[in-house]
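Chemist: Shown below is the structure under consideration.
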Amino acid sequence: MRFWIILFMSNVLLACKENSVSLTQAFDMAGENRKELQKVLDHYNNNPQKLKAASFLISNMINKFSLDSTSVQDVQPYYDAMIHYVKEHDDYGVSMMYYICDSIRQLKQFTPNNSSPLYENDLQIIDANFLIQHIDRAFDAWHNNPQTNDMDFEIFCRYILPYTCDHTFWPDAFAYQHNLYGHWIDSLRTQSFIDVAKAIDQDIKANFRQDGVFLQKYPFLQPTIQRNYMLARLGSCAEANYTVITALRSLGIPAVLNLIPYWGNSNAAHTWTEIIGDDPITLCDNEQRQYAGPQSVIISDMFWDNHTFNFFEGIPDAVDIRWNRTIPKVFRQTFDMQDNSLINIKEYNIPDFFNTAYLEDITDKYIECSDVKIHIDRKYSVKKVAYLCCYVPETYSWTPVAWGKFNSDNTVLFRKMGKNIIYMPCYFEHNEVYPISSPFLLTSEGEIQYLDAQEEKEPKVILYSKVPYRSLFLYCAQDMLNCKFKLANDNGMSDTITIHTITNIPYYKQEITIDNAPESRYAIYDFTGSNHGFIAELEFYGLDENGHEIKLTGSLIGNPGVYGSSIEEINDGEPVSCFICDKSCAMNYVGFDFGKPRKITRIVYLPRNDDNGIVAGELYELFYWRNGQWESLGQKKGRNDKTLIYENVPKNALMRLHNVTIGNENRIFIYKNGKQIFY
């Protein structure tokens with residue numbers, strides 16, 4: 001049989017000799033399903049271009065796997081219910097998907113277990129009918145698009161033809177998305193396909209719930225098949241982008257998924273849709289600067305908040321405001337195998353992210369970058385590959401974002417690295433990374449600054465937080481400006497008086513002393529004029545019968561808020577949870593009914609925040625990197641001025657701060673010119 005396949009290929013694949021080896025390998029891996037692949041090639045025997053396209057698909061199906069729907073069938077009732085709801089109502093609103101899943105779980109009285117999904121080899125399960133139908137549809141989409149029908153055949157094969165961009169495929173996905181967005185073809189006669197593609201991207205994502213909080217509450221919903229997340233319009237950011245890419249390809253618009261393996265100064269990876277032909281006007285330099293409009297967004301979600309700020313009163317001068325995420329590397333998730341992939345080096349132990357032949361390094365398309373050459377101790381010369389890693393705060397460890405081969409002169413060259421990021425050189429073994437050099441900052445000039453703790457000490461280090469103050473929370477706090485705290489005795493709030501107006505941006509916990517306030521039954525936070533009504537905690541203090549100050553208790557009153565951010569959040573003692581107003585409700589306030597008039601003496605409140613500022617009385621521990629590990633500089637309690645003070649800290653040290661009392665979030669930083677600089 002193997003001889004027959006080779007003979008068959010030599011006769012019919014003269015137009016695609018470059019694929020013959022992979023095609024033969026694909027047939028070998030297909031097993032009993034090779035007859036289905038054979039039917040596809042037979043079908044296009046008299047159509048050289050489609051034959052070449054078919055051979056491209058089949059030869060690149062090597063190591064393509066798709067989720068077996070039967071292995072995750074326990075979650076199907078959840079998706080069926082959500083798909084039905086979206087079909088009937090078009091949108092979940094603020095919280096309907098929570099209610100749907102709570103109802104299904106209560107009805108079924110068990111929680112599905114999706115922890116062991118099974119995957120099947122595409123070469124062994126895909127039939128000829130599907131491939132032929134898909135190839136014909138892809139060619140029709142390409143030829144019917146007035147702007148891309150003369151596009152290079154290679155671009156068509158790589159970015160329009162693929163039947164999947166995920167570990168799952170739905171045979172009807174191409175047709176389904178074409179039916180939804182086929183009317184955009186008319187727009188292609190007057191608008192560029194890039195503008196049309198961006199409009200479709202925005203339309204899909206506006207109606208696709210990328211709700212991380214929801215997926216954390218119902219983790220068993222993932223992974224799932226393409227039909228489910230596409231029809232339910234719900235999933236991760238990757239699945240939202242897979243939906244966009246399928247829609248664009250169905251219209252003959254070339255598109256592909258791009259990935260950042262891990263942000264340089266933030267948690268997690270990132271994905272977005274690249275429209276082939278849409279090149280950035282400028283390159284991202286990873287400098288920290290404010291959002292200045294859509295033109296400054298080189299990569300989606302790179303800014304924590306798309307607002308500009310010109311007022312900072314209330315934020316301490318020494319606080320490091322972090323405006324945007326930094327990017328170490330950018331990869332394109334291709335359908336076709338890449339010859340220069342790490343997997344081709346035959347390294348026996350490869351990190352999961354790089355354990356694929358379908359990654360193309362396109363870092364220099366999006367960001368300013370530099371090649372980095374580092375010297376490594378010769379004792380590591382037996383290793384084939386070294387990695388540059390970014391910091392993972394959840395585990396106080398490092399994750400690979402780039403790789404390079406060891407050279408005979410004990411150096412490793414890493415190409416196209418993003419600047420203004422701290423990297424740790426490591427080797428990888430037994431699913432762990434091990435540092436092989438000191439961490440270093442790659443500066444904006446492309447220079448390497450090693451962070452080796454020195455014997456010389458900083459006389460005093462003043463710390464304000466364990467992560468940078470992100471512009472998202474600056475916006476949330478600024479949204480409270482001009483909001484008021486009021487008192488009343490009429491339950492209709494007709495007799496309110498203002499006892500305090502917020503005039504400076506509240507930086508974490510605020511305490512306001514109130515003098516000479518009249519006794520009042522109702523005390524409220526009036527957020528008229530605010531966009532969202534954000535407030536995390538609200539406490540009123542007053543005098544008891546003996547003239548002692550106590551925290552006042554009462555019934556919550558006012559705007560009910562939205563699911564997960566309801567009025568109850570202002571009184572739950574959790575700094576991270578917060579109230580967000582229900583804009584359909586006319587009441588622009590939240591507060592308390594004390595049951596009887598009380599004398600207010602003090603207000604304590606928190607803006608929406610991440611609880612990463614220094615909290616008075618809580619215990620912290622400062623660490624610095626030395627000799628390949630974190631070493632403690634001791635524990636201290638937070639001061640009343642929201643700072644920690646450490647003395648005799650080594651200069652040029654890489655540090656992190658841990659809250660021993662509560663919480664795990666942290667970021668690495670250096671101390672320079674009297675300020676924490678986070679990375």
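The chains in the structure tokens are called A, B, ... from first to last as shown; in each chain the residues are counted from 1, and the ligands are counted from 1 in the order shown.
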Tell me, counting only C-alpha atoms, for each residue of stretch 524-549 of chain A within 8 Å of stretch 485-490 of chain A, which pair of atoms is nearest and how far apart they are in Å to one decimal, in rows ordered by chain and increasing number, as a Markdown table.
Modeler:
| residue | atom | partner | partner_atom | distance |
| --- | --- | --- | --- | --- |
| A:Ile524 | CA | A:Lys486 | CA | 5.3 |
| A:Tyr525 | CA | A:Phe485 | CA | 4.6 |
| A:Asp526 | CA | A:Phe485 | CA | 6.0 |
Chemist: Generate a file of the selected residues that holds N, CA, C and O atoms, formatted as an mmCIF file, in the first residue's frame.
Modeler:
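What ended up in out.cif:
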data_model
loop_
_atom_site.group_PDB
_atom_site.id
_atom_site.type_symbol
_atom_site.label_atom_id
_atom_site.label_comp_id
_atom_site.auth_asym_id
_atom_site.auth_seq_id
_atom_site.Cartn_x
_atom_site.Cartn_y
_atom_site.Cartn_z
ATOM 1 N N ILE A 524 -26.092 58.072 52.368
ATOM 2 C CA ILE A 524 -25.937 57.506 51.021
ATOM 3 C C ILE A 524 -24.693 58.044 50.325
ATOM 4 O O ILE A 524 -24.158 59.096 50.677
ATOM 5 N N TYR A 525 -24.263 57.274 49.325
ATOM 6 C CA TYR A 525 -23.251 57.702 48.364
ATOM 7 C C TYR A 525 -23.997 58.016 47.076
ATOM 8 O O TYR A 525 -24.573 57.133 46.445
ATOM 9 N N ASP A 526 -24.005 59.287 46.676
ATOM 10 C CA ASP A 526 -24.731 59.745 45.499
ATOM 11 C C ASP A 526 -23.753 59.816 44.324
ATOM 12 O O ASP A 526 -22.838 60.634 44.313
#
Chemist: Quick one: residues within 7 Å of stretch 29-34 of chain A, only C-alpha atoms counted, chain neighbours fewer than 4 positions away excluded, as a list in words?
Modeler: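 Residues near the query, excluding close chain neighbours: Gln25, Gln38, Leu123, Gln124 and Ile125 of chain A.
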Chemist: Please run DSSP on the backbone and report, as a count of residues only, all residues within stretch 73-303 of chain A that come out as alpha helix (DSSP H).
Modeler: 105
Chemist: Looking only at strand (DSSP E or B) from DSSP on the backbone, list the matching residues of stretch 263-339 of chain A as a list in words.
Modeler: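 Everything in stretch 263-339 of chain A that counts as strand (DSSP E or B) is His270, Thr271, Trp272, Thr273, Glu274, Ile275, Cys284, Phe303, Ile321, Arg322, Asn324, Phe331, Arg332 and Gln333 of chain A.
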Chemist: In terms of the shortest atom-to-atom distance over only C-alpha atoms, which of A:Leu474, A:Ile160, A:Ile557, A:Ala199 is closest to A:Phe311?
Modeler: A:Leu474
Chemist: For A:Ala269, which residue out of A:Ile645, A:Val244, A:Val330, A:Ile155 is the nearest one, using only C-alpha atoms?
Modeler: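 Smallest distance to A:Ala269 is found for A:Val330.
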Chemist: Using only C-alpha atoms, which residue out of A:Val604, A:Ile126, A:Ile448, A:Leu161 lies closest to A:Lys50?
Modeler: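 Nearest candidate to A:Lys50 out of A:Val604, A:Ile126, A:Ile448, A:Leu161: A:Leu161.
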Chemist: Residues of stretch 353-437 of chain A that approach stretch 657-663 of chain A to 12 Å or less, counting only C-alpha atoms: could you list each one with the shortest pair of atoms and its distance in Å to one decimal, rows by chain and increasing residue number, as a tab-separated table?
Modeler:
residue	atom	partner	partner_atom	distance
A:Pro393	CA	A:His658	CA	10.1
A:Glu394	CA	A:Gly663	CA	10.3
A:Thr395	CA	A:His658	CA	11.7
A:Tyr396	CA	A:His658	CA	10.0
Chemist: Take the residues from that selection and write them out as a PDB file, in the first residue's frame, keeping N, CA and C atoms.
Modeler:
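Resulting contents of out-v9.pdb:
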ATOM      1  N   PRO A 393       3.569  35.610  38.268  1.00  0.00           N
ATOM      2  CA  PRO A 393       3.379  35.981  39.675  1.00  0.00           C
ATOM      3  C   PRO A 393       2.651  34.937  40.509  1.00  0.00           C
ATOM      4  N   GLU A 394       1.772  34.147  39.888  1.00  0.00           N
ATOM      5  CA  GLU A 394       1.008  33.178  40.682  1.00  0.00           C
ATOM      6  C   GLU A 394       1.909  32.153  41.370  1.00  0.00           C
ATOM      7  N   THR A 395       3.021  31.834  40.721  1.00  0.00           N
ATOM      8  CA  THR A 395       3.915  30.800  41.259  1.00  0.00           C
ATOM      9  C   THR A 395       5.305  31.340  41.581  1.00  0.00           C
ATOM     10  N   TYR A 396       5.494  32.644  41.469  1.00  0.00           N
ATOM     11  CA  TYR A 396       6.788  33.291  41.717  1.00  0.00           C
ATOM     12  C   TYR A 396       7.879  32.670  40.842  1.00  0.00           C
TER      13      TYR A 396
END
Chemist: Quick one: residues within 9 Å of A:Arg233, only C-alpha atoms, excluding same-chain residues fewer than 2 positions away - as a VMD selection string?
Modeler: chain A and resid 82 to 83 86 91 204 to 205 207 to 210 228 to 231 235 240 243
Chemist: Name all residues at most 7 Å from stretch 499-510 of chain A (count only C-alpha atoms; drop same-chain ones fewer than 3 positions away) and give them as a ChimeraX atom specification.
Modeler: /A:312-315,477-478,480-486,604-607,609,613
Chemist: Can I get the selected residues back with N, CA and C atoms, as a short mmCIF file (atom, residue, chain, number, x, y, z; two decimals), in the first residue's frame?
Modeler:
data_model
loop_
_atom_site.label_atom_id
_atom_site.label_comp_id
_atom_site.auth_asym_id
_atom_site.auth_seq_id
_atom_site.Cartn_x
_atom_site.Cartn_y
_atom_site.Cartn_z
N PHE A 312 -4.36 64.15 38.40
CA PHE A 312 -3.83 63.05 39.22
C PHE A 312 -3.82 63.39 40.71
N GLU A 313 -4.45 64.50 41.09
CA GLU A 313 -4.44 64.87 42.50
C GLU A 313 -5.07 63.76 43.35
N GLY A 314 -4.32 63.33 44.35
CA GLY A 314 -4.75 62.24 45.21
C GLY A 314 -3.88 61.01 45.07
N ILE A 315 -3.21 60.87 43.92
CA ILE A 315 -2.30 59.75 43.70
C ILE A 315 -0.91 60.16 44.14
N ALA A 477 -11.28 55.00 39.98
CA ALA A 477 -11.23 55.96 41.07
C ALA A 477 -11.59 57.36 40.59
N GLN A 478 -11.11 57.73 39.40
CA GLN A 478 -11.42 59.05 38.86
C GLN A 478 -12.91 59.20 38.57
N MET A 480 -15.16 58.56 40.41
CA MET A 480 -15.85 58.97 41.64
C MET A 480 -15.75 60.48 41.88
N LEU A 481 -14.95 61.17 41.09
CA LEU A 481 -14.79 62.61 41.30
C LEU A 481 -16.14 63.32 41.22
N ASN A 482 -16.35 64.23 42.15
CA ASN A 482 -17.57 65.06 42.26
C ASN A 482 -18.79 64.29 42.75
N CYS A 483 -18.61 63.00 43.05
CA CYS A 483 -19.70 62.27 43.71
C CYS A 483 -19.76 62.71 45.17
N LYS A 484 -20.92 62.50 45.80
CA LYS A 484 -21.16 63.10 47.10
C LYS A 484 -21.68 62.08 48.11
N PHE A 485 -21.37 62.34 49.37
CA PHE A 485 -21.96 61.59 50.48
C PHE A 485 -23.01 62.50 51.11
N LYS A 486 -24.21 61.93 51.29
CA LYS A 486 -25.33 62.75 51.74
C LYS A 486 -26.06 62.07 52.89
N VAL A 604 -15.76 55.84 55.78
CA VAL A 604 -14.66 55.05 55.23
C VAL A 604 -15.16 54.43 53.93
N TYR A 605 -14.38 54.60 52.85
CA TYR A 605 -14.81 54.02 51.58
C TYR A 605 -13.61 53.62 50.74
N LEU A 606 -13.86 52.73 49.81
CA LEU A 606 -12.83 52.29 48.86
C LEU A 606 -13.38 52.42 47.46
N PRO A 607 -12.58 52.98 46.54
CA PRO A 607 -12.97 52.93 45.13
C PRO A 607 -12.84 51.49 44.63
N ASN A 609 -11.03 48.61 43.17
CA ASN A 609 -9.58 48.47 43.27
C ASN A 609 -9.18 47.00 43.20
N GLY A 613 -2.63 47.85 47.20
CA GLY A 613 -1.91 48.88 47.92
C GLY A 613 -1.52 48.37 49.30
#
Chemist: Give me the residues within 12 Å of A:Asp364 as a PyMOL selection string, counting only C-alpha atoms and dropping any in the same chain fewer than 6 places off.
Modeler: chain A and resi 279-280+282-285+327-332+370-371+415-419
Chemist: Rank A:Gly634, A:Pro261, A:Gly564, A:Gly591 by their smallest atom-to-atom distance to A:Cys389, using only C-alpha atoms, and report the top residue only.
Modeler: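 Comparing A:Gly634, A:Pro261, A:Gly564, A:Gly591 against A:Cys389, the winner is A:Pro261.
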Chemist: Under the rule that only C-alpha atoms are counted, which of A:His430, A:Arg378, A:Lys642, A:Lys596 is the nearest residue to A:Asn349?
Modeler: A:His430
Chemist: Here is a test: counting only C-alpha atoms, which residue of A:Asp201, A:Glu519, A:Glu239, A:Asp336 is nearest to A:Phe56?
Modeler: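 Distance minimum relative to A:Phe56 lands on A:Asp336.
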Chemist: Taking 6 positions as the minimum chain separation for residues in the same chain, which residues sit within 10 Å of A:Tyr563 when counting only C-alpha atoms? Answer as a list of chain:residue names.
Modeler: A:Val94, A:Ser95, A:Met96, A:Tyr98, A:Tyr99, A:Phe579, A:Ile580, A:Asp582
Chemist: Just to be explicit: take each residue in the selection above, keep all heavy atoms, and write the result as a compact mmCIF listing (two decimals), in the first residue's frame.
Modeler:
# COMPACT_ATOMS: atom_id res chain seq x y z
N VAL A 94 -27.03 41.42 31.12
CA VAL A 94 -25.92 41.50 32.07
C VAL A 94 -25.57 40.14 32.66
O VAL A 94 -24.40 39.81 32.84
CB VAL A 94 -26.26 42.49 33.20
CG1 VAL A 94 -25.17 42.49 34.26
CG2 VAL A 94 -26.46 43.89 32.65
N SER A 95 -26.57 39.29 32.91
CA SER A 95 -26.29 38.14 33.75
C SER A 95 -27.06 36.87 33.43
O SER A 95 -26.98 35.90 34.18
CB SER A 95 -26.60 38.52 35.21
OG SER A 95 -27.93 39.02 35.31
N MET A 96 -27.80 36.83 32.32
CA MET A 96 -28.67 35.69 32.09
C MET A 96 -27.92 34.37 31.99
O MET A 96 -28.43 33.32 32.40
CB MET A 96 -29.52 35.92 30.84
CG MET A 96 -30.55 34.82 30.58
SD MET A 96 -31.64 34.46 32.01
CE MET A 96 -32.52 36.00 32.17
N TYR A 98 -25.52 33.35 33.74
CA TYR A 98 -25.33 32.83 35.10
C TYR A 98 -26.60 32.10 35.55
O TYR A 98 -26.52 30.99 36.10
CB TYR A 98 -25.04 33.98 36.07
CG TYR A 98 -23.68 34.60 35.94
CD1 TYR A 98 -23.47 35.71 35.12
CD2 TYR A 98 -22.60 34.10 36.65
CE1 TYR A 98 -22.22 36.30 35.00
CE2 TYR A 98 -21.34 34.69 36.55
CZ TYR A 98 -21.17 35.79 35.72
OH TYR A 98 -19.93 36.37 35.62
N TYR A 99 -27.74 32.73 35.33
CA TYR A 99 -29.00 32.12 35.77
C TYR A 99 -29.27 30.82 35.02
O TYR A 99 -29.75 29.84 35.60
CB TYR A 99 -30.16 33.10 35.55
CG TYR A 99 -30.10 34.32 36.44
CD1 TYR A 99 -29.96 35.60 35.91
CD2 TYR A 99 -30.17 34.20 37.83
CE1 TYR A 99 -29.90 36.73 36.71
CE2 TYR A 99 -30.10 35.31 38.65
CZ TYR A 99 -29.97 36.56 38.09
OH TYR A 99 -29.90 37.67 38.89
N PHE A 579 -19.49 47.42 43.79
CA PHE A 579 -20.81 47.76 43.26
C PHE A 579 -20.65 48.44 41.90
O PHE A 579 -19.78 49.30 41.72
CB PHE A 579 -21.54 48.69 44.22
CG PHE A 579 -22.73 49.38 43.63
CD1 PHE A 579 -23.97 48.74 43.58
CD2 PHE A 579 -22.63 50.67 43.11
CE1 PHE A 579 -25.08 49.38 43.03
CE2 PHE A 579 -23.73 51.31 42.56
CZ PHE A 579 -24.96 50.66 42.52
N ILE A 580 -21.48 48.04 40.94
CA ILE A 580 -21.61 48.72 39.65
C ILE A 580 -23.09 48.98 39.44
O ILE A 580 -23.91 48.06 39.57
CB ILE A 580 -21.05 47.88 38.49
CG1 ILE A 580 -19.58 47.55 38.73
CG2 ILE A 580 -21.21 48.62 37.17
CD1 ILE A 580 -18.97 46.64 37.68
N ASP A 582 -26.86 49.58 38.17
CA ASP A 582 -27.78 49.13 37.13
C ASP A 582 -28.35 50.39 36.49
O ASP A 582 -29.14 51.12 37.09
CB ASP A 582 -28.89 48.28 37.76
CG ASP A 582 -29.90 47.78 36.74
OD1 ASP A 582 -29.84 48.21 35.57
OD2 ASP A 582 -30.77 46.98 37.12
Chemist: Measure the distance from atom CA of A:Cys369 to atom CA of A:Ile422 in Å and round it to one decimal.
Modeler: 13.6 Å
Chemist: Do a neighbour search on A:Val297 at 12 Å with only C-alpha atoms, toss out local chain neighbours closer than 4 positions, and write the hits as number ranges by chain.
Modeler: A: 280-286, 289-293, 301-307, 323-326, 366-367
